[in-house]
Structure formats: C-alpha cells, structure tokens
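Student: Sharing a structure with you now.
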Amino acid sequence: MKPSIIYAAVIVLIAGIFHTGSGNAEYADVVLNKRAEKQGMRPVIYPHWFHRIRFRCKVCHHELGFKMRAGANDISMSAIIDGKYCGICHNNDVAWGVENCDLCHSGLPGLKTGIKGGAQTGGPGRW
Amino acid sequence: MDSRQREAGKMTRFRRRRTAASFSSDTWTVARSWPVVCALSTLFALLVACNTETLKSISTPSPPSASAPTENAAVAAPSSPAASRSEKWKSLTADGLHDPRSPAIKLLQQPAEALAPLPSDEAGNKVDWIAALDQGLINPRTNIRPDTHINVLDLDIFLSLNGALPIVKFPHRQHTMWLDCENCHEQIFKKKAGATPITMTDILEGKYCGQCHGAVAFPLTECNRCHSVLHRDFKKALAESKNKVVVRPK
C-alpha cells in the first residue's frame, strides 16, 4: 500500500510541475502560433473569457466545428477571409474585420501554441 | 557482462515493469481513504500555488511602456475595493502573453473590466459563469446560423456511489446551457449512463470531463463541485432532482 501512495504523490507532483502553464495569463487563454510568427506576425491570443460572455461554447465548438484541442484546428488567414473559423464573425459585421491584424495578433514573440492560464490537465492543451 | 549479471539486469527491469503496472491499476483504489485524498489534494494545491508564483517571477516581462507605474500602483494599493477586485485579473500588459508594445494593447478589453461585474468565484476566471447566466447578467448567443436547433436537457446523472468522496451529480442543465449534445456524445461519453468507464486518472490526463475541466471550465482543484452529494444526503438529493438516472456500481 505505502509504495503506491508514494507513486501517486510523485504523479501529482509531476502533474503539478508540468501543467500549470503561464502563471499570469487569464484562465483558458489560447496562443495560436502554428503559422503567425513564421509569416512575420505576432502570435494570436484568443481569450475564452471575452468570447464566452458573448457566445456559448456550442457556437464555436458545435456550429463552427472548432475542435476542442488547441492547435488541432487548421486555421489560416485565407480560410478566415473566406468566412471560415474566426471569419464567420470577424467580418466587420458581427465583430471587427481581418484588416485589424494587431487586435488578434497581439502576443509576445516566441510563444508556443497551447492553452494557458493555469490549465491543470493536458485537456485541450495537449497538442 | 557474464550471464549472471545479464540475468540480474533482466530481473530489475522486470520488477520495474511490474511496479509500474501495479501502480496504474491500483492507485485510485488505494487512494480511496479520506486522509490520503486530503493529503494529495493539499499537496497538489500547494504545488499549483508554488508553480504559479515561480512562473510569475520567471516569466513576467518587464513592461517597457509607461503603463508600468500604474500596474505597480494597482498591486500596491489593495485597500480600496476596486483595486483588490482588479488584482484578481492581471492586466493584459502583465499577463505574459500580450506584447506590451503591440498597438492593440490599448484597444483590447481588460479582463478586470469585463469580469469584475460578474458573480465572483475563487477558481478559473474567478467568475461563476453559471450564476452569471442564471441571473441574466450575460446572455451569450446560442447560435450564429438561424436554423441551428438548440438542445437543452434537464437530467441529473448520479455517479460514483461507492467512492470515499461524495457522490458525483452531473447536471445536464448547466452543461447544455453552454454546450450541444454532440460536443460530448458519442465521442467523449456514450449516451447510455454508466457505459463510459470514467476514472480520475483519465480526467487528470485531460480525457472525459478533463477535456474541459482543468483547461477552460472550472479546474480540477474544485473536487466538491462534482463530488457534491454527501452519502448521507443521497436520498434527499434524489428526491430533489426532477429528472435523474442513477448509475449503480456493477
């Protein structure tokens, strides 16, 4: 019994060390930087808190088909301009349009794609 | 290396494998006693706290802009209620994600401005999102396309009846206020109650409930929000629940 408890404690320790994410970021902020920085733009910061005041999860994760894994969605500017992904709202009709580059591309250089703000599981941040 | 040494090496590897295997299967069986669960939770909470502090000190960039003094002033003056409320949410210039030199930083809404008026909470975004919905303080859109069918279900599932922790009451109402059935069924959970083998180990690894809880929905430090029904109150909870399914242990 005792060794098992020690192993469990070690696992919890490791989980605590690796899954706390960026300490200061707001809970569930997402960094998208698969393409941005390679193409000379700041990484995108997607704040869940801002969007969930205005939209229920089901709008993006059901109607628009966003997968619940940071980095699992193949988002490109051309897709957005075609009205897919963010582009279904960010079209100067529901929300600001794509010409306001800096409003989304507002992250610090060098950030890695993933879910931030103290996430404690691999959850949507695993990729 | 002679044959005896090789044999000894094999045995060590075999023992290691055995230990690893036995650990994965019986960890949570062992952890089914209150003292152990309490100790582990405390340890976890401490670690999370320590890490957050350490990471803050390491990762906070020194904002070169003129906003630095105001930041410090807000942190140093917790006496006014407004200041103490805004401390719950870091300014975008100090969150370690936004570039303080970005031209957008003055235009984007600050978390404190949006979240402070909403019902308070201790974890996650420090907002009780369900209370915010129930009290009508926010009314987020349910759909973009006019023909999308909105599914809402009021059905409680009672799980984990024999655990050492209180019984889990899963309310569909609160979940379907935010999510559609298809977000969970059938990919993450089978529709048949009890057909999905959910374990805390898997949840902590980001599977099942852990896909959202611990990343975007309230974090896994909040044990009692899911394990919410004390065993002695089970009958009362069943009576209070309008629509329910009880998952009996096999």
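Chain labels follow the order of the structure tokens: the first chain is A, the next B, and so on; residue numbering restarts at 1 in every chain, and ligands are counted from 1 in their shown order.
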Might you pull out every residue within 8 Å of Asp128 of chain B, with only C-alpha atoms counted and same-chain residues fewer than 3 positions away left off, and present them as a PyMOL selection string?
Tutor: chain B and resi 118-121+131-132
Student: Could you write those residues out with C-alpha atoms, as a short mmCIF file (atom, residue, chain, number, x, y, z; two decimals), in the first residue's frame?
Tutor:
data_model
loop_
_atom_site.label_atom_id
_atom_site.label_comp_id
_atom_site.auth_asym_id
_atom_site.auth_seq_id
_atom_site.Cartn_x
_atom_site.Cartn_y
_atom_site.Cartn_z
CA LEU B 118 -20.00 39.18 -12.83
CA PRO B 119 -20.68 36.83 -9.87
CA SER B 120 -17.42 36.10 -8.12
CA ASP B 121 -15.69 32.75 -7.86
CA ALA B 131 -24.63 32.13 -11.91
CA ALA B 132 -23.91 34.85 -14.48
#
Student: Kindly indicate which residue among A:Phe55, A:Tyr46, A:Trp96, A:Tyr85 lies nearest to chain B, using only C-alpha atoms for the distances.
Tutor: A:Phe55
Student: Hey, what's within 10 Å of Asn224 of chain B if we count only C-alpha atoms and toss same-chain stuff fewer than 2 positions away? As a PyMOL selection string, please?
Tutor: chain B and resi 165-168+220-222+226-230
Student: Provide the atom CA of Val247 of chain B to atom CA of Lys192 of chain B distance in Å, to one decimal place.
Tutor: 9.9 Å
Student: By how many Å are atom CA of Ser106 of chain A and atom CA of Ile130 of chain B apart?
Tutor: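 Separation of atom CA of Ser106 of chain A and atom CA of Ile130 of chain B: 29.5 Å.
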Student: I'd like the contact shell of Ser76 of chain A - 10 Å cut-off, only C-alpha atoms, skipping same-chain residues fewer than 2 positions apart - returned as a compact mmCIF listing (two decimals) with C-alpha atoms, in the first residue's frame.
Tutor:
# COMPACT_ATOMS: atom_id res chain seq x y z
CA LYS A 34 1.50 27.48 -35.78
CA ARG A 35 1.78 29.92 -38.69
CA ALA A 36 1.74 33.50 -37.37
CA ASN A 73 -7.70 23.36 -35.99
CA ASP A 74 -6.07 24.18 -39.29
CA SER A 78 -7.18 32.64 -46.23
CA ALA A 79 -9.76 30.39 -44.51
CA ILE A 80 -10.73 33.26 -42.20
CA ILE A 81 -11.10 35.65 -45.14
CA ASP A 82 -13.29 33.01 -46.82
CA LYS A 84 -14.45 30.03 -42.06
CA TYR A 85 -13.28 29.67 -38.43
CA CYS A 86 -12.90 33.15 -36.86
Student: Of the residues B:Cys209, B:Leu204, B:Ile188, B:Ile157, which is the one nearest to chain A, using only C-alpha atoms?
Tutor: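 That would be B:Leu204, the residue with the smallest distance to chain A.
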Student: What lies within 8 Å of Ile53 of chain A using only C-alpha atoms, ignoring chain neighbours under 5 positions off, as a list of chain:residue names?
Tutor: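 The residues that qualify are B:Ile138, B:Asn139, B:Pro140.
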Student: Could you take the residues named above and write them with N, CA and C atoms, as a compact mmCIF listing (two decimals), in the first residue's frame?
Tutor:
# COMPACT_ATOMS: atom_id res chain seq x y z
N ILE B 138 -25.28 37.88 -18.15
CA ILE B 138 -24.77 37.72 -19.51
C ILE B 138 -25.81 36.92 -20.30
N ASN B 139 -25.88 37.17 -21.57
CA ASN B 139 -26.78 36.39 -22.41
C ASN B 139 -26.08 36.07 -23.72
N PRO B 140 -25.09 35.15 -23.64
CA PRO B 140 -24.32 34.85 -24.84
C PRO B 140 -25.19 34.19 -25.92
Student: So how many Å separate atom CA of Thr148 of chain B and atom CA of Met68 of chain A, to one decimal?
Tutor: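 For atom CA of Thr148 of chain B relative to atom CA of Met68 of chain A, the distance reads 19.8 Å.
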Student: Counting only C-alpha atoms, figure out which residue out of B:Ala239, B:Ile144, B:Met177, B:Ile150 gets nearest to Leu64 of chain A.
Tutor: B:Ile144
Student: Just list the residues in segment 132-217 of chain B DSSP gives alpha helix (DSSP H) on the backbone, as a PyMOL selection string.
Tutor: chain B and resi 132-134+172-178+181-184+200-204
